[in-house]
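Source file final-v2.pdb; content: PDB, N, CA and C atoms, pLDDT in the B column.
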ATOM      1  N   MET X   1       0.312   1.233  44.589  1.00 92.00           N
ATOM      2  CA  MET X   1      -0.267   1.764  45.802  1.00 92.00           C
ATOM      3  C   MET X   1      -1.707   1.262  45.927  1.00 92.00           C
ATOM      4  N   LEU X   2      -2.058   0.840  47.125  1.00 95.00           N
ATOM      5  CA  LEU X   2      -3.408   0.369  47.406  1.00 95.00           C
ATOM      6  C   LEU X   2      -4.051   1.232  48.481  1.00 95.00           C
ATOM      7  N   ILE X   3      -5.353   1.439  48.342  1.00 95.00           N
ATOM      8  CA  ILE X   3      -6.094   2.163  49.366  1.00 95.00           C
ATOM      9  C   ILE X   3      -6.220   1.264  50.580  1.00 95.00           C
ATOM     10  N   ILE X   4      -5.799   1.770  51.721  1.00 96.00           N
ATOM     11  CA  ILE X   4      -5.848   0.977  52.946  1.00 96.00           C
ATOM     12  C   ILE X   4      -6.884   1.538  53.914  1.00 96.00           C
ATOM     13  N   TYR X   5      -7.238   2.835  53.752  1.00 96.00           N
ATOM     14  CA  TYR X   5      -8.179   3.454  54.681  1.00 96.00           C
ATOM     15  C   TYR X   5      -8.830   4.672  54.040  1.00 96.00           C
ATOM     16  N   ARG X   6     -10.131   4.794  54.207  1.00 95.00           N
ATOM     17  CA  ARG X   6     -10.878   5.985  53.784  1.00 95.00           C
ATOM     18  C   ARG X   6     -11.254   6.735  55.054  1.00 95.00           C
ATOM     19  N   ALA X   7     -10.650   7.892  55.234  1.00 93.00           N
ATOM     20  CA  ALA X   7     -10.792   8.633  56.486  1.00 93.00           C
ATOM     21  C   ALA X   7     -12.035   9.513  56.499  1.00 93.00           C
ATOM     22  N   ALA X   8     -12.616   9.646  57.682  1.00 87.00           N
ATOM     23  CA  ALA X   8     -13.758  10.541  57.877  1.00 87.00           C
ATOM     24  C   ALA X   8     -13.298  11.993  57.906  1.00 87.00           C
ATOM     25  N   ASN X   9     -12.048  12.210  58.311  1.00 87.00           N
ATOM     26  CA  ASN X   9     -11.502  13.563  58.375  1.00 87.00           C
ATOM     27  C   ASN X   9      -9.978  13.488  58.325  1.00 87.00           C
ATOM     28  N   ILE X  10      -9.359  14.647  58.228  1.00 89.00           N
ATOM     29  CA  ILE X  10      -7.908  14.689  58.077  1.00 89.00           C
ATOM     30  C   ILE X  10      -7.185  14.177  59.321  1.00 89.00           C
ATOM     31  N   ALA X  11      -7.764  14.403  60.505  1.00 91.00           N
ATOM     32  CA  ALA X  11      -7.135  13.917  61.741  1.00 91.00           C
ATOM     33  C   ALA X  11      -7.045  12.395  61.753  1.00 91.00           C
ATOM     34  N   ASP X  12      -8.123  11.719  61.338  1.00 93.00           N
ATOM     35  CA  ASP X  12      -8.091  10.249  61.262  1.00 93.00           C
ATOM     36  C   ASP X  12      -7.043   9.771  60.271  1.00 93.00           C
ATOM     37  N   ALA X  13      -6.939  10.451  59.135  1.00 95.00           N
ATOM     38  CA  ALA X  13      -5.961  10.059  58.120  1.00 95.00           C
ATOM     39  C   ALA X  13      -4.540  10.165  58.671  1.00 95.00           C
ATOM     40  N   TYR X  14      -4.247  11.260  59.367  1.00 96.00           N
ATOM     41  CA  TYR X  14      -2.908  11.418  59.941  1.00 96.00           C
ATOM     42  C   TYR X  14      -2.649  10.396  61.043  1.00 96.00           C
ATOM     43  N   LEU X  15      -3.657  10.088  61.833  1.00 95.00           N
ATOM     44  CA  LEU X  15      -3.497   9.081  62.883  1.00 95.00           C
ATOM     45  C   LEU X  15      -3.126   7.727  62.273  1.00 95.00           C
ATOM     46  N   ILE X  16      -3.858   7.316  61.246  1.00 97.00           N
ATOM     47  CA  ILE X  16      -3.569   6.046  60.571  1.00 97.00           C
ATOM     48  C   ILE X  16      -2.173   6.073  59.959  1.00 97.00           C
ATOM     49  N   ARG X  17      -1.845   7.177  59.276  1.00 97.00           N
ATOM     50  CA  ARG X  17      -0.516   7.262  58.668  1.00 97.00           C
ATOM     51  C   ARG X  17       0.584   7.156  59.718  1.00 97.00           C
ATOM     52  N   LEU X  18       0.427   7.836  60.836  1.00 97.00           N
ATOM     53  CA  LEU X  18       1.433   7.767  61.893  1.00 97.00           C
ATOM     54  C   LEU X  18       1.540   6.372  62.490  1.00 97.00           C
ATOM     55  N   MET X  19       0.405   5.693  62.674  1.00 96.00           N
ATOM     56  CA  MET X  19       0.447   4.318  63.186  1.00 96.00           C
ATOM     57  C   MET X  19       1.185   3.407  62.218  1.00 96.00           C
ATOM     58  N   LEU X  20       0.895   3.535  60.935  1.00 98.00           N
ATOM     59  CA  LEU X  20       1.552   2.701  59.936  1.00 98.00           C
ATOM     60  C   LEU X  20       3.049   2.992  59.885  1.00 98.00           C
ATOM     61  N   GLU X  21       3.399   4.273  59.868  1.00 97.00           N
ATOM     62  CA  GLU X  21       4.813   4.629  59.781  1.00 97.00           C
ATOM     63  C   GLU X  21       5.582   4.219  61.032  1.00 97.00           C
ATOM     64  N   SER X  22       4.924   4.195  62.197  1.00 97.00           N
ATOM     65  CA  SER X  22       5.602   3.738  63.410  1.00 97.00           C
ATOM     66  C   SER X  22       5.920   2.247  63.345  1.00 97.00           C
ATOM     67  N   GLU X  23       5.221   1.528  62.471  1.00 96.00           N
ATOM     68  CA  GLU X  23       5.488   0.105  62.260  1.00 96.00           C
ATOM     69  C   GLU X  23       6.375  -0.126  61.038  1.00 96.00           C
ATOM     70  N   GLY X  24       6.925   0.949  60.485  1.00 97.00           N
ATOM     71  CA  GLY X  24       7.836   0.833  59.351  1.00 97.00           C
ATOM     72  C   GLY X  24       7.148   0.728  58.009  1.00 97.00           C
ATOM     73  N   ILE X  25       5.879   1.107  57.931  1.00 98.00           N
ATOM     74  CA  ILE X  25       5.119   1.024  56.681  1.00 98.00           C
ATOM     75  C   ILE X  25       4.910   2.437  56.143  1.00 98.00           C
ATOM     76  N   PRO X  26       5.574   2.807  55.050  1.00 97.00           N
ATOM     77  CA  PRO X  26       5.361   4.131  54.474  1.00 97.00           C
ATOM     78  C   PRO X  26       3.919   4.275  53.981  1.00 97.00           C
ATOM     79  N   ALA X  27       3.322   5.430  54.230  1.00 97.00           N
ATOM     80  CA  ALA X  27       1.938   5.671  53.834  1.00 97.00           C
ATOM     81  C   ALA X  27       1.804   7.065  53.232  1.00 97.00           C
ATOM     82  N   LEU X  28       0.836   7.215  52.349  1.00 96.00           N
ATOM     83  CA  LEU X  28       0.591   8.473  51.657  1.00 96.00           C
ATOM     84  C   LEU X  28      -0.869   8.854  51.845  1.00 96.00           C
ATOM     85  N   ILE X  29      -1.114  10.116  52.145  1.00 95.00           N
ATOM     86  CA  ILE X  29      -2.487  10.618  52.267  1.00 95.00           C
ATOM     87  C   ILE X  29      -2.839  11.347  50.976  1.00 95.00           C
ATOM     88  N   GLN X  30      -3.964  10.996  50.395  1.00 92.00           N
ATOM     89  CA  GLN X  30      -4.453  11.646  49.177  1.00 92.00           C
ATOM     90  C   GLN X  30      -5.742  12.392  49.517  1.00 92.00           C
ATOM     91  N   GLY X  31      -5.863  13.620  49.053  1.00 85.00           N
ATOM     92  CA  GLY X  31      -7.084  14.386  49.244  1.00 85.00           C
ATOM     93  C   GLY X  31      -7.057  15.316  50.428  1.00 85.00           C
ATOM     94  N   GLU X  32      -5.929  15.387  51.137  1.00 72.00           N
ATOM     95  CA  GLU X  32      -5.877  16.229  52.329  1.00 72.00           C
ATOM     96  C   GLU X  32      -6.006  17.705  51.982  1.00 72.00           C
ATOM     97  N   TYR X  33      -5.491  18.127  50.856  1.00 62.00           N
ATOM     98  CA  TYR X  33      -5.553  19.541  50.492  1.00 62.00           C
ATOM     99  C   TYR X  33      -6.881  19.910  49.854  1.00 62.00           C
ATOM    100  N   LEU X  34      -7.653  18.921  49.413  1.00 57.00           N
ATOM    101  CA  LEU X  34      -8.955  19.204  48.816  1.00 57.00           C
ATOM    102  C   LEU X  34      -9.978  19.646  49.844  1.00 57.00           C
ATOM    103  N   GLN X  35      -9.781  19.282  51.102  1.00 53.00           N
ATOM    104  CA  GLN X  35     -10.736  19.640  52.135  1.00 53.00           C
ATOM    105  C   GLN X  35     -10.868  21.146  52.305  1.00 53.00           C
ATOM    106  N   SER X  36      -9.806  21.900  52.052  1.00 53.00           N
ATOM    107  CA  SER X  36      -9.880  23.349  52.191  1.00 53.00           C
ATOM    108  C   SER X  36     -10.569  24.002  51.002  1.00 53.00           C
ATOM    109  N   ALA X  37     -10.762  23.254  49.927  1.00 51.00           N
ATOM    110  CA  ALA X  37     -11.381  23.805  48.726  1.00 51.00           C
ATOM    111  C   ALA X  37     -12.770  23.242  48.483  1.00 51.00           C
ATOM    112  N   VAL X  38     -13.383  22.666  49.491  1.00 53.00           N
ATOM    113  CA  VAL X  38     -14.677  22.007  49.309  1.00 53.00           C
ATOM    114  C   VAL X  38     -15.725  22.961  48.773  1.00 53.00           C
ATOM    115  N   GLY X  39     -15.636  24.232  49.078  1.00 55.00           N
ATOM    116  CA  GLY X  39     -16.611  25.191  48.565  1.00 55.00           C
ATOM    117  C   GLY X  39     -16.636  25.268  47.052  1.00 55.00           C
ATOM    118  N   GLU X  40     -15.523  24.918  46.420  1.00 56.00           N
ATOM    119  CA  GLU X  40     -15.425  24.983  44.968  1.00 56.00           C
ATOM    120  C   GLU X  40     -15.486  23.609  44.307  1.00 56.00           C
ATOM    121  N   LEU X  41     -15.453  22.557  45.108  1.00 55.00           N
ATOM    122  CA  LEU X  41     -15.455  21.199  44.587  1.00 55.00           C
ATOM    123  C   LEU X  41     -16.669  20.438  45.103  1.00 55.00           C
ATOM    124  N   PRO X  42     -16.987  19.314  44.489  1.00 55.00           N
ATOM    125  CA  PRO X  42     -18.067  18.489  45.043  1.00 55.00           C
ATOM    126  C   PRO X  42     -17.777  18.134  46.493  1.00 55.00           C
ATOM    127  N   ALA X  43     -18.800  18.083  47.324  1.00 56.00           N
ATOM    128  CA  ALA X  43     -18.623  17.854  48.751  1.00 56.00           C
ATOM    129  C   ALA X  43     -18.199  16.426  49.093  1.00 56.00           C
ATOM    130  N   ASN X  44     -18.149  15.542  48.127  1.00 61.00           N
ATOM    131  CA  ASN X  44     -17.817  14.145  48.390  1.00 61.00           C
ATOM    132  C   ASN X  44     -16.329  13.850  48.191  1.00 61.00           C
ATOM    133  N   THR X  45     -15.469  14.852  48.369  1.00 72.00           N
ATOM    134  CA  THR X  45     -14.033  14.594  48.256  1.00 72.00           C
ATOM    135  C   THR X  45     -13.601  13.688  49.403  1.00 72.00           C
ATOM    136  N   GLU X  46     -12.812  12.692  49.080  1.00 84.00           N
ATOM    137  CA  GLU X  46     -12.384  11.706  50.069  1.00 84.00           C
ATOM    138  C   GLU X  46     -10.950  11.957  50.501  1.00 84.00           C
ATOM    139  N   ILE X  47     -10.667  11.583  51.725  1.00 91.00           N
ATOM    140  CA  ILE X  47      -9.296  11.564  52.226  1.00 91.00           C
ATOM    141  C   ILE X  47      -8.928  10.086  52.336  1.00 91.00           C
ATOM    142  N   ILE X  48      -7.921   9.684  51.576  1.00 95.00           N
ATOM    143  CA  ILE X  48      -7.581   8.272  51.450  1.00 95.00           C
ATOM    144  C   ILE X  48      -6.134   8.055  51.873  1.00 95.00           C
ATOM    145  N   VAL X  49      -5.887   6.958  52.588  1.00 96.00           N
ATOM    146  CA  VAL X  49      -4.526   6.576  52.964  1.00 96.00           C
ATOM    147  C   VAL X  49      -4.120   5.396  52.085  1.00 96.00           C
ATOM    148  N   HIS X  50      -2.983   5.541  51.425  1.00 96.00           N
ATOM    149  CA  HIS X  50      -2.444   4.508  50.539  1.00 96.00           C
ATOM    150  C   HIS X  50      -1.171   3.917  51.128  1.00 96.00           C
ATOM    151  N   VAL X  51      -0.915   2.663  50.804  1.00 97.00           N
ATOM    152  CA  VAL X  51       0.374   2.027  51.106  1.00 97.00           C
ATOM    153  C   VAL X  51       0.822   1.256  49.867  1.00 97.00           C
ATOM    154  N   GLY X  52       2.084   0.907  49.833  1.00 96.00           N
ATOM    155  CA  GLY X  52       2.611   0.112  48.734  1.00 96.00           C
ATOM    156  C   GLY X  52       2.018  -1.289  48.736  1.00 96.00           C
ATOM    157  N   ASP X  53       1.944  -1.883  47.575  1.00 96.00           N
ATOM    158  CA  ASP X  53       1.361  -3.222  47.427  1.00 96.00           C
ATOM    159  C   ASP X  53       1.996  -4.241  48.372  1.00 96.00           C
ATOM    160  N   ASP X  54       3.314  -4.151  48.543  1.00 97.00           N
ATOM    161  CA  ASP X  54       4.017  -5.136  49.370  1.00 97.00           C
ATOM    162  C   ASP X  54       3.736  -4.964  50.867  1.00 97.00           C
ATOM    163  N   ASN X  55       3.178  -3.827  51.275  1.00 97.00           N
ATOM    164  CA  ASN X  55       2.865  -3.585  52.676  1.00 97.00           C
ATOM    165  C   ASN X  55       1.372  -3.679  52.987  1.00 97.00           C
ATOM    166  N   ALA X  56       0.572  -3.984  51.992  1.00 97.00           N
ATOM    167  CA  ALA X  56      -0.880  -3.930  52.155  1.00 97.00           C
ATOM    168  C   ALA X  56      -1.395  -4.887  53.237  1.00 97.00           C
ATOM    169  N   HIS X  57      -0.893  -6.093  53.271  1.00 97.00           N
ATOM    170  CA  HIS X  57      -1.395  -7.073  54.242  1.00 97.00           C
ATOM    171  C   HIS X  57      -1.114  -6.625  55.679  1.00 97.00           C
ATOM    172  N   ALA X  58       0.117  -6.213  55.947  1.00 97.00           N
ATOM    173  CA  ALA X  58       0.480  -5.752  57.290  1.00 97.00           C
ATOM    174  C   ALA X  58      -0.274  -4.484  57.654  1.00 97.00           C
ATOM    175  N   ALA X  59      -0.438  -3.574  56.701  1.00 98.00           N
ATOM    176  CA  ALA X  59      -1.166  -2.325  56.961  1.00 98.00           C
ATOM    177  C   ALA X  59      -2.629  -2.607  57.259  1.00 98.00           C
ATOM    178  N   ARG X  60      -3.232  -3.526  56.523  1.00 97.00           N
ATOM    179  CA  ARG X  60      -4.639  -3.863  56.749  1.00 97.00           C
ATOM    180  C   ARG X  60      -4.829  -4.426  58.153  1.00 97.00           C
ATOM    181  N   ALA X  61      -3.892  -5.234  58.619  1.00 97.00           N
ATOM    182  CA  ALA X  61      -3.982  -5.804  59.965  1.00 97.00           C
ATOM    183  C   ALA X  61      -3.931  -4.702  61.023  1.00 97.00           C
ATOM    184  N   ILE X  62      -3.076  -3.706  60.828  1.00 96.00           N
ATOM    185  CA  ILE X  62      -2.979  -2.587  61.769  1.00 96.00           C
ATOM    186  C   ILE X  62      -4.260  -1.775  61.774  1.00 96.00           C
ATOM    187  N   VAL X  63      -4.786  -1.473  60.601  1.00 97.00           N
ATOM    188  CA  VAL X  63      -6.024  -0.692  60.503  1.00 97.00           C
ATOM    189  C   VAL X  63      -7.201  -1.472  61.088  1.00 97.00           C
ATOM    190  N   ASP X  64      -7.281  -2.763  60.802  1.00 96.00           N
ATOM    191  CA  ASP X  64      -8.361  -3.587  61.355  1.00 96.00           C
ATOM    192  C   ASP X  64      -8.317  -3.612  62.879  1.00 96.00           C
ATOM    193  N   LYS X  65      -7.119  -3.718  63.455  1.00 95.00           N
ATOM    194  CA  LYS X  65      -6.976  -3.728  64.905  1.00 95.00           C
ATOM    195  C   LYS X  65      -7.441  -2.398  65.496  1.00 95.00           C
ATOM    196  N   TRP X  66      -7.087  -1.298  64.855  1.00 92.00           N
ATOM    197  CA  TRP X  66      -7.482   0.028  65.332  1.00 92.00           C
ATOM    198  C   TRP X  66      -9.000   0.210  65.236  1.00 92.00           C
ATOM    199  N   GLU X  67      -9.586  -0.218  64.110  1.00 92.00           N
ATOM    200  CA  GLU X  67     -11.026  -0.064  63.923  1.00 92.00           C
ATOM    201  C   GLU X  67     -11.836  -0.919  64.888  1.00 92.00           C
ATOM    202  N   SER X  68     -11.300  -2.044  65.324  1.00 94.00           N
ATOM    203  CA  SER X  68     -12.051  -2.940  66.212  1.00 94.00           C
ATOM    204  C   SER X  68     -11.795  -2.667  67.694  1.00 94.00           C
ATOM    205  N   ALA X  69     -10.904  -1.730  67.992  1.00 91.00           N
ATOM    206  CA  ALA X  69     -10.582  -1.423  69.388  1.00 91.00           C
ATOM    207  C   ALA X  69     -11.765  -0.754  70.092  1.00 91.00           C
ATOM    208  N   GLU X  70     -11.916  -1.067  71.360  1.00 90.00           N
ATOM    209  CA  GLU X  70     -12.950  -0.444  72.177  1.00 90.00           C
ATOM    210  C   GLU X  70     -12.478   0.950  72.602  1.00 90.00           C
ATOM    211  N   PRO X  71     -13.381   1.928  72.569  1.00 85.00           N
ATOM    212  CA  PRO X  71     -12.979   3.259  73.021  1.00 85.00           C
ATOM    213  C   PRO X  71     -12.624   3.266  74.511  1.00 85.00           C
ATOM    214  N   VAL X  72     -11.689   4.086  74.860  1.00 87.00           N
ATOM    215  CA  VAL X  72     -11.286   4.225  76.267  1.00 87.00           C
ATOM    216  C   VAL X  72     -12.210   5.252  76.918  1.00 87.00           C
ATOM    217  N   VAL X  73     -12.849   4.854  77.991  1.00 90.00           N
ATOM    218  CA  VAL X  73     -13.732   5.760  78.734  1.00 90.00           C
ATOM    219  C   VAL X  73     -12.976   6.239  79.961  1.00 90.00           C
ATOM    220  N   LEU X  74     -12.837   7.531  80.071  1.00 87.00           N
ATOM    221  CA  LEU X  74     -12.107   8.099  81.215  1.00 87.00           C
ATOM    222  C   LEU X  74     -13.050   8.421  82.342  1.00 87.00           C
TER     223      LEU X  74
END

Structure encoded using C-alpha cells:
Amino acid sequence: MLIIYRAANIADAYLIRLMLESEGIPALIQGEYLQSAVGELPANTEIIVHVGDDNAHAARAIVDKWESAEPVVL
C-alpha cells in the first residue's frame, strides 16, 4: 500500500476515496477514527488515503487532476 493523498479533513479523504473507487481503484483511509480522539492524542494526526502498489500510478494521475482543477464559481 502506498500513500496517495494526505487529507486536510475527513471529507476530503472520502471525496478522494470515492473518486478513486469510481475509477475501479480500491482505496483505504487511515486515521479517520483518530480525529474524534484528538483531545487525547497529539493534534498532528493525519488522515491518509492509501492504494495498492499496482494502482499507484493511475491513482496519482486522478489526484493530480483533482488538485489542479480550478474551483467552480457559482

Rounded to one decimal, what separation in Å do you get between atom N of Ile3 in chain X and atom N of Pro71 in chain X? 25.5 Å

Enumerate, as a ChimeraX atom specification, the residues matched when the PyMOL selection byres ((chain X and resi 51-54) around 6.5) is run on the file above. /X:1-4,26-28,49-50,55-58

Apply DSSP to the backbone of this structure and, from range 11-70 of chain X, keep only the residues in strand (DSSP E); write these as a ChimeraX atom specification. /X:27-30,47-51

Nearest to Asp64 in chain X among X:Glu23, X:Leu15, X:Ile10, X:Tyr5, with distances taken over only C-alpha atoms: which residue is it? X:Tyr5

DSSP on the backbone: which residues in range 7-73 of chain X end up as alpha helix (DSSP H)? Give the answer as JSON, numbers by chain. {"X": [10, 11, 12, 13, 14, 15, 16, 17, 18, 19, 20, 21, 22, 56, 57, 58, 59, 60, 61, 62, 63, 64, 65, 66, 67, 68]}

Box for range 61-69 of chain X: with edges along x, y and z, all listed atoms inside and 3 Å added on each side, what are the centre and edge lengths in Å to one decimal, as lines of an AutoDock Vina configuration file?
center_x = -7.5
center_y = -2.8
center_z = 64.4
size_x = 15.1
size_y = 12.0
size_z = 17.5
